[in-house]
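Notes follow the structure.
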Amino acid sequence: MYAITGITGKVGGIVARTLLAAGLPVRAVVRDADKGRPWDDKGCEVTIASISDEAGLTSAFTGVDGVFLMTPPDFDPEPGFPLTHEAIAAVKAAIAAAQPAKVVFLSTIGAQVAEFSLLNNSKITEEGLRTVPVPVAFLRAAWFMENASWDVEAAKAGVVPSFLQPLNHPIPMIATADIGSTAANLLRESWTGLRIIELEGPRRYSANDVAAGFAEAVGHPVRMEPVPRDTWEALFRSQGMKHPLARIRMIDGFNEGWIDFEGGGAEHRTGRIPLETVVKDLTAQG
């Protein structure tokens with residue numbers, strides 16, 4: 001039995017479907033019964049728990065061969081990341097009580113970086129998981145290729161505003177399908193202690209590469225238009241963000257190169273799905 005958190009999202013759903021296709025039992029960890037019904041229909045055992053529910057997580061993690069752990073995204077965290085600290089405290093207590101055979105945590109590229117940014121959410125969670133009494137793997141995934149979904153409509157019009165700058169600066173990217181399949185494979189592996197797995201796509205991609213992918217998908221030229229750095233804070237606040245600095249510094253980190261993989265003793269894996277395939281699929285869906 002494998003407990004899957006975040007199962008209603010893209011990556012968690014891929015992990016669950018991959019395990020089910022292999023004939024392995026899955027326990028869907030969801031926040032409410034309505035979200036669990038589609039997974040019950042697929043043959044999953046359904047357990048109700050939020051990421052900060054120690055008792056619920058303990059029940060969900062008990063008697064399983066592995067836990068796939070995702071924490072809900074918080075794109076506008078309050079100073080000090082209080083929700084992240086609350087969540088990891090509950091998760092740690094649940095793991096200690098339930099003693100699952102292993103945990104695979106979906107982390108991020110740059111989780112090791114001390115510089116303040118939105119990715120400190122994963123850094124805090126990683127630090128908490130380093131002391132749990134079961135084998136743990138940090139799956140540090142690159143920038144999601146599916147982030148381009150926000151740009152489909154703009155691409156159809158021919159001009160896409162870009163926060164990734166310079167436009168020809170390549171960064172590590174990965175398809176969610178590759179993340180999910182890698183996580184499902186890790187859950188079926190055995191190890192002791194801590195593993196760090198870095199995951200990126202077949203090559204690195206720039207904003208201009210995203211534009212080229214869109215141009216091929218929509219059948220006309222598409223260009224990226226840099227969003228001036230000095231307008232970001234006002235723009236994000238106009239969109240409803242209260243604490244935009246963490247997001248701004250994350251983008252700075254990719255653009256300036258200080259958000260990257262750690263290397264060293266980490267394992268490095270490469271996905272098989274190119275950016276062009278993801279952009280084509282996103283455009284067809286949009």
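For the structure tokens, the naming scheme is as follows: chains receive sequential letters (A, B, ...) according to their order of presentation, residues are indexed from 1 within each chain, and ligands are indexed from 1 in presentation order.
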- Residue contacts of segment 196-200 of chain A (9 Å, only C-alpha atoms) excluding same-chain residues fewer than 6 positions away, as an NGL selection string: :A and (108-109 or 136-143 or 172-175 or 178-179 or 182 or 261-263 or 265-271)
- Task: Using only C-alpha atoms, determine which residues lie at most 9 Å from Thr192 of chain A, disregarding the query and same-chain residues fewer than 5 positions distant; provide the list as number ranges by chain.
- Result: A: 102, 134-136
- Which residues in segment 65-128 of chain A does DSSP call alpha helix (DSSP H)? List them as a list in words. Pro82, Leu83, Thr84, His85, Glu86, Ala87, Ile88, Ala89, Ala90, Val91, Lys92, Ala93, Ala94, Ile95, Ala96, Ala97, Ala98, Asn120, Asn121, Ser122, Lys123, Ile124, Thr125, Glu126, Glu127 and Gly128 of chain A
- Message: For a quick check of understanding, using only C-alpha atoms, which of A:Leu167, A:Val26, A:Val103, A:Ile88 has the smallest distance to Glu225 of chain A?
- Response: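 Among the listed residues, A:Leu167 lies closest to Glu225 of chain A.
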- Message: Excluding Ala16 of chain A and its own-chain neighbours fewer than 3 positions away, which residues fall within 8 Å of it when counting only C-alpha atoms? Please give them as number ranges by chain.
- Response: A: 4, 7, 12-13, 19-20, 26, 184
- Item | Distance query Ala87 of chain A at most 9 Å, only C-alpha atoms, self and fewer than 2 positions along chain excluded, as a ChimeraX atom specification | /A:50-54,71,82-85,89-92,125
Now that the selection is made, can you save its residues with C-alpha atoms as a short mmCIF file (atom, residue, chain, number, x, y, z; two decimals), in the first residue's frame?
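Produced file out_34.cif, reproduced below:
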data_model
loop_
_atom_site.label_atom_id
_atom_site.label_comp_id
_atom_site.auth_asym_id
_atom_site.auth_seq_id
_atom_site.Cartn_x
_atom_site.Cartn_y
_atom_site.Cartn_z
CA SER A 50 -5.03 17.87 5.62
CA ILE A 51 -1.30 18.47 5.59
CA SER A 52 -1.43 19.97 9.11
CA ASP A 53 -3.66 17.24 10.59
CA GLU A 54 -1.31 15.12 12.69
CA THR A 71 2.88 20.18 0.61
CA PRO A 82 4.25 29.90 9.43
CA LEU A 83 2.02 27.53 7.45
CA THR A 84 5.05 25.56 6.28
CA HIS A 85 6.36 25.23 9.84
CA ALA A 89 5.56 19.70 12.51
CA ALA A 90 2.41 17.64 11.83
CA VAL A 91 4.12 15.57 9.14
CA LYS A 92 7.13 14.77 11.32
CA THR A 125 10.31 20.96 4.90
#
- Tell me, as JSON, numbers by chain, which residues lie within 10 Å of Glu256 of chain A, counting only C-alpha atoms; anything in the same chain fewer than 3 positions away does not count. {"A": [164, 165, 166, 169, 249, 250, 251, 252, 253, 259, 260]}
Let me see the file: selected residues, N, CA, C and O atoms, as a PDB file, in the first residue's frame.
ATOM      1  N   LEU A 164      11.135  35.429 -16.968  1.00  0.00           N
ATOM      2  CA  LEU A 164      12.433  34.780 -17.153  1.00  0.00           C
ATOM      3  C   LEU A 164      13.278  35.641 -18.073  1.00  0.00           C
ATOM      4  O   LEU A 164      12.921  35.876 -19.223  1.00  0.00           O
ATOM      5  N   GLN A 165      14.413  36.115 -17.554  1.00  0.00           N
ATOM      6  CA  GLN A 165      15.254  37.064 -18.278  1.00  0.00           C
ATOM      7  C   GLN A 165      16.721  36.830 -17.884  1.00  0.00           C
ATOM      8  O   GLN A 165      16.974  36.434 -16.741  1.00  0.00           O
ATOM      9  N   PRO A 166      17.677  37.049 -18.799  1.00  0.00           N
ATOM     10  CA  PRO A 166      17.513  37.368 -20.212  1.00  0.00           C
ATOM     11  C   PRO A 166      16.738  36.291 -20.954  1.00  0.00           C
ATOM     12  O   PRO A 166      16.693  35.139 -20.521  1.00  0.00           O
ATOM     13  N   HIS A 169      18.460  32.994 -21.650  1.00  0.00           N
ATOM     14  CA  HIS A 169      19.120  32.334 -20.516  1.00  0.00           C
ATOM     15  C   HIS A 169      18.432  31.009 -20.206  1.00  0.00           C
ATOM     16  O   HIS A 169      17.277  30.997 -19.766  1.00  0.00           O
ATOM     17  N   ARG A 249      12.094  37.132  -5.473  1.00  0.00           N
ATOM     18  CA  ARG A 249      13.450  36.630  -5.272  1.00  0.00           C
ATOM     19  C   ARG A 249      13.636  35.244  -5.882  1.00  0.00           C
ATOM     20  O   ARG A 249      14.744  34.904  -6.313  1.00  0.00           O
ATOM     21  N   MET A 250      12.581  34.449  -5.938  1.00  0.00           N
ATOM     22  CA  MET A 250      12.679  33.159  -6.610  1.00  0.00           C
ATOM     23  C   MET A 250      12.987  33.359  -8.097  1.00  0.00           C
ATOM     24  O   MET A 250      13.893  32.708  -8.644  1.00  0.00           O
ATOM     25  N   ILE A 251      12.250  34.261  -8.733  1.00  0.00           N
ATOM     26  CA  ILE A 251      12.488  34.518 -10.154  1.00  0.00           C
ATOM     27  C   ILE A 251      13.887  35.082 -10.358  1.00  0.00           C
ATOM     28  O   ILE A 251      14.602  34.692 -11.291  1.00  0.00           O
ATOM     29  N   ASP A 252      14.294  36.001  -9.461  1.00  0.00           N
ATOM     30  CA  ASP A 252      15.662  36.517  -9.525  1.00  0.00           C
ATOM     31  C   ASP A 252      16.674  35.373  -9.480  1.00  0.00           C
ATOM     32  O   ASP A 252      17.676  35.382 -10.207  1.00  0.00           O
ATOM     33  N   GLY A 253      16.421  34.397  -8.621  1.00  0.00           N
ATOM     34  CA  GLY A 253      17.358  33.292  -8.452  1.00  0.00           C
ATOM     35  C   GLY A 253      17.539  32.490  -9.724  1.00  0.00           C
ATOM     36  O   GLY A 253      18.671  32.097 -10.073  1.00  0.00           O
ATOM     37  N   ILE A 259      19.780  29.987  -8.154  1.00  0.00           N
ATOM     38  CA  ILE A 259      18.905  28.833  -7.963  1.00  0.00           C
ATOM     39  C   ILE A 259      19.252  27.823  -9.047  1.00  0.00           C
ATOM     40  O   ILE A 259      19.033  28.055 -10.236  1.00  0.00           O
ATOM     41  N   ASP A 260      19.841  26.732  -8.612  1.00  0.00           N
ATOM     42  CA  ASP A 260      20.239  25.649  -9.509  1.00  0.00           C
ATOM     43  C   ASP A 260      20.360  24.400  -8.647  1.00  0.00           C
ATOM     44  O   ASP A 260      20.114  24.434  -7.431  1.00  0.00           O
TER      45      ASP A 260
END
- Message: Taking 2 positions as the minimum chain separation for residues in the same chain, which residues sit within 8 Å of Asp65 of chain A when counting only C-alpha atoms? Answer as a ChimeraX atom specification.
- Response: /A:1-2,63,67,100-102,187
- Message: I'd like the interatomic distance between atom CA of Pro170 of chain A and atom CA of Ala217 of chain A, to a tenth of an Å.
- Response: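 Calculated distance between atom CA of Pro170 of chain A and atom CA of Ala217 of chain A is 20.4 Å.
When DSSP reads the backbone of this structure, the residues of segment 38-137 of chain A it assigns to strand (DSSP E) are A:Glu45, A:Val46, A:Thr47, A:Ile48, A:Gly66, A:Val67, A:Phe68, A:Leu69, A:Val103, A:Val104, A:Phe105, A:Leu106, A:Ser107, A:Thr108, A:Val136, A:Ala137.
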For N, CA, C and O atoms, I'd like the residues from the last selection saved as a PDB file, in the first residue's frame.
ATOM      1  N   GLU A  45      -8.031   3.110  -1.688  1.00  0.00           N
ATOM      2  CA  GLU A  45      -8.520   3.339  -0.333  1.00  0.00           C
ATOM      3  C   GLU A  45      -8.418   4.847  -0.085  1.00  0.00           C
ATOM      4  O   GLU A  45      -7.422   5.464  -0.442  1.00  0.00           O
ATOM      5  N   VAL A  46      -9.420   5.449   0.489  1.00  0.00           N
ATOM      6  CA  VAL A  46      -9.447   6.902   0.675  1.00  0.00           C
ATOM      7  C   VAL A  46      -9.369   7.240   2.152  1.00  0.00           C
ATOM      8  O   VAL A  46     -10.108   6.682   2.971  1.00  0.00           O
ATOM      9  N   THR A  47      -8.462   8.159   2.490  1.00  0.00           N
ATOM     10  CA  THR A  47      -8.294   8.645   3.857  1.00  0.00           C
ATOM     11  C   THR A  47      -8.376  10.168   3.840  1.00  0.00           C
ATOM     12  O   THR A  47      -7.809  10.817   2.965  1.00  0.00           O
ATOM     13  N   ILE A  48      -9.089  10.723   4.836  1.00  0.00           N
ATOM     14  CA  ILE A  48      -9.270  12.176   4.923  1.00  0.00           C
ATOM     15  C   ILE A  48      -8.234  12.764   5.876  1.00  0.00           C
ATOM     16  O   ILE A  48      -8.142  12.368   7.041  1.00  0.00           O
ATOM     17  N   GLY A  66       5.181   3.015   1.453  1.00  0.00           N
ATOM     18  CA  GLY A  66       5.794   4.280   1.086  1.00  0.00           C
ATOM     19  C   GLY A  66       4.779   5.403   1.104  1.00  0.00           C
ATOM     20  O   GLY A  66       3.583   5.179   0.912  1.00  0.00           O
ATOM     21  N   VAL A  67       5.266   6.619   1.350  1.00  0.00           N
ATOM     22  CA  VAL A  67       4.453   7.837   1.332  1.00  0.00           C
ATOM     23  C   VAL A  67       5.004   8.771   0.276  1.00  0.00           C
ATOM     24  O   VAL A  67       6.214   9.053   0.256  1.00  0.00           O
ATOM     25  N   PHE A  68       4.134   9.248  -0.616  1.00  0.00           N
ATOM     26  CA  PHE A  68       4.504  10.348  -1.497  1.00  0.00           C
ATOM     27  C   PHE A  68       3.980  11.615  -0.857  1.00  0.00           C
ATOM     28  O   PHE A  68       2.772  11.791  -0.685  1.00  0.00           O
ATOM     29  N   LEU A  69       4.894  12.494  -0.490  1.00  0.00           N
ATOM     30  CA  LEU A  69       4.550  13.698   0.262  1.00  0.00           C
ATOM     31  C   LEU A  69       4.663  14.933  -0.606  1.00  0.00           C
ATOM     32  O   LEU A  69       5.712  15.210  -1.189  1.00  0.00           O
ATOM     33  N   VAL A 103       9.635   7.558   2.695  1.00  0.00           N
ATOM     34  CA  VAL A 103       8.944   8.785   2.297  1.00  0.00           C
ATOM     35  C   VAL A 103       9.668   9.378   1.095  1.00  0.00           C
ATOM     36  O   VAL A 103      10.897   9.511   1.107  1.00  0.00           O
ATOM     37  N   VAL A 104       8.911   9.730   0.069  1.00  0.00           N
ATOM     38  CA  VAL A 104       9.435  10.478  -1.071  1.00  0.00           C
ATOM     39  C   VAL A 104       8.781  11.852  -1.048  1.00  0.00           C
ATOM     40  O   VAL A 104       7.558  11.967  -1.196  1.00  0.00           O
ATOM     41  N   PHE A 105       9.566  12.881  -0.843  1.00  0.00           N
ATOM     42  CA  PHE A 105       9.054  14.257  -0.758  1.00  0.00           C
ATOM     43  C   PHE A 105       9.335  14.989  -2.061  1.00  0.00           C
ATOM     44  O   PHE A 105      10.479  15.052  -2.512  1.00  0.00           O
ATOM     45  N   LEU A 106       8.286  15.541  -2.660  1.00  0.00           N
ATOM     46  CA  LEU A 106       8.470  16.367  -3.850  1.00  0.00           C
ATOM     47  C   LEU A 106       8.988  17.728  -3.427  1.00  0.00           C
ATOM     48  O   LEU A 106       8.240  18.587  -2.968  1.00  0.00           O
ATOM     49  N   SER A 107      10.289  17.912  -3.582  1.00  0.00           N
ATOM     50  CA  SER A 107      10.952  19.157  -3.233  1.00  0.00           C
ATOM     51  C   SER A 107      11.204  19.943  -4.515  1.00  0.00           C
ATOM     52  O   SER A 107      10.506  19.758  -5.518  1.00  0.00           O
ATOM     53  N   THR A 108      12.176  20.790  -4.516  1.00  0.00           N
ATOM     54  CA  THR A 108      12.431  21.656  -5.671  1.00  0.00           C
ATOM     55  C   THR A 108      13.908  21.923  -5.847  1.00  0.00           C
ATOM     56  O   THR A 108      14.685  21.906  -4.875  1.00  0.00           O
ATOM     57  N   VAL A 136      14.221   8.489   3.621  1.00  0.00           N
ATOM     58  CA  VAL A 136      13.601   9.640   2.969  1.00  0.00           C
ATOM     59  C   VAL A 136      14.342   9.953   1.673  1.00  0.00           C
ATOM     60  O   VAL A 136      15.566   9.848   1.609  1.00  0.00           O
ATOM     61  N   ALA A 137      13.579  10.324   0.654  1.00  0.00           N
ATOM     62  CA  ALA A 137      14.166  10.827  -0.592  1.00  0.00           C
ATOM     63  C   ALA A 137      13.600  12.204  -0.881  1.00  0.00           C
ATOM     64  O   ALA A 137      12.386  12.403  -0.822  1.00  0.00           O
TER      65      ALA A 137
END
- atom CA of Arg237 of chain A to atom CA of Glu153 of chain A: how many Å, to one decimal? 22.1 Å
Taking a cut-off of 10 Å and counting only C-alpha atoms, can you build a table that, for each residue of segment 74-180 of chain A near segment 274-278 of chain A, reports the nearest atom pair and how far apart they are in Å (one decimal), sorted by chain then residue number, as JSON lines?
{"residue": "A:Phe144", "atom": "CA", "partner": "A:Leu275", "partner_atom": "CA", "distance": 9.8}
{"residue": "A:Met145", "atom": "CA", "partner": "A:Leu275", "partner_atom": "CA", "distance": 6.4}
{"residue": "A:Glu146", "atom": "CA", "partner": "A:Val278", "partner_atom": "CA", "distance": 6.8}
{"residue": "A:Ala148", "atom": "CA", "partner": "A:Val278", "partner_atom": "CA", "distance": 8.7}
{"residue": "A:Ser149", "atom": "CA", "partner": "A:Val278", "partner_atom": "CA", "distance": 9.3}
{"residue": "A:Met173", "atom": "CA", "partner": "A:Leu275", "partner_atom": "CA", "distance": 7.9}
{"residue": "A:Ile174", "atom": "CA", "partner": "A:Leu275", "partner_atom": "CA", "distance": 7.8}
{"residue": "A:Ala175", "atom": "CA", "partner": "A:Val278", "partner_atom": "CA", "distance": 7.0}
{"residue": "A:Thr176", "atom": "CA", "partner": "A:Val278", "partner_atom": "CA", "distance": 9.2}
{"residue": "A:Ala177", "atom": "CA", "partner": "A:Val278", "partner_atom": "CA", "distance": 9.5}
Output file for the residues above (C-alpha atoms, as a PDB file, in the first residue's frame):
ATOM      1  CA  PHE A 144       7.740  22.902 -14.224  1.00  0.00           C
ATOM      2  CA  MET A 145       7.313  23.052 -17.983  1.00  0.00           C
ATOM      3  CA  GLU A 146       3.582  23.267 -17.322  1.00  0.00           C
ATOM      4  CA  ALA A 148       3.712  27.759 -19.560  1.00  0.00           C
ATOM      5  CA  SER A 149      -0.014  27.026 -19.254  1.00  0.00           C
ATOM      6  CA  MET A 173      12.836  22.531 -16.653  1.00  0.00           C
ATOM      7  CA  ILE A 174      10.896  19.285 -16.266  1.00  0.00           C
ATOM      8  CA  ALA A 175       7.514  17.882 -17.342  1.00  0.00           C
ATOM      9  CA  THR A 176       5.080  16.890 -14.600  1.00  0.00           C
ATOM     10  CA  ALA A 177       4.664  13.473 -16.231  1.00  0.00           C
TER      11      ALA A 177
END
- Message: Can you pull out the residues contacting Gln285 of chain A? Cut-off 10 Å, using only C-alpha atoms, and skip same-chain residues under 4 positions away; I want them as a ChimeraX atom specification.
- Response: /A:149,152,279-281
- Query: Pick the closest to Asp32 of chain A from A:Gly201, A:Pro161, A:Gly213, A:Gly56: which is it, counting only C-alpha atoms?
  - Reply: A:Gly56
- Which value, in Å to one decimal, gives the distance between atom CA of Glu78 of chain A and atom CA of Glu115 of chain A?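 Between these atoms lies a distance of 16.6 Å.
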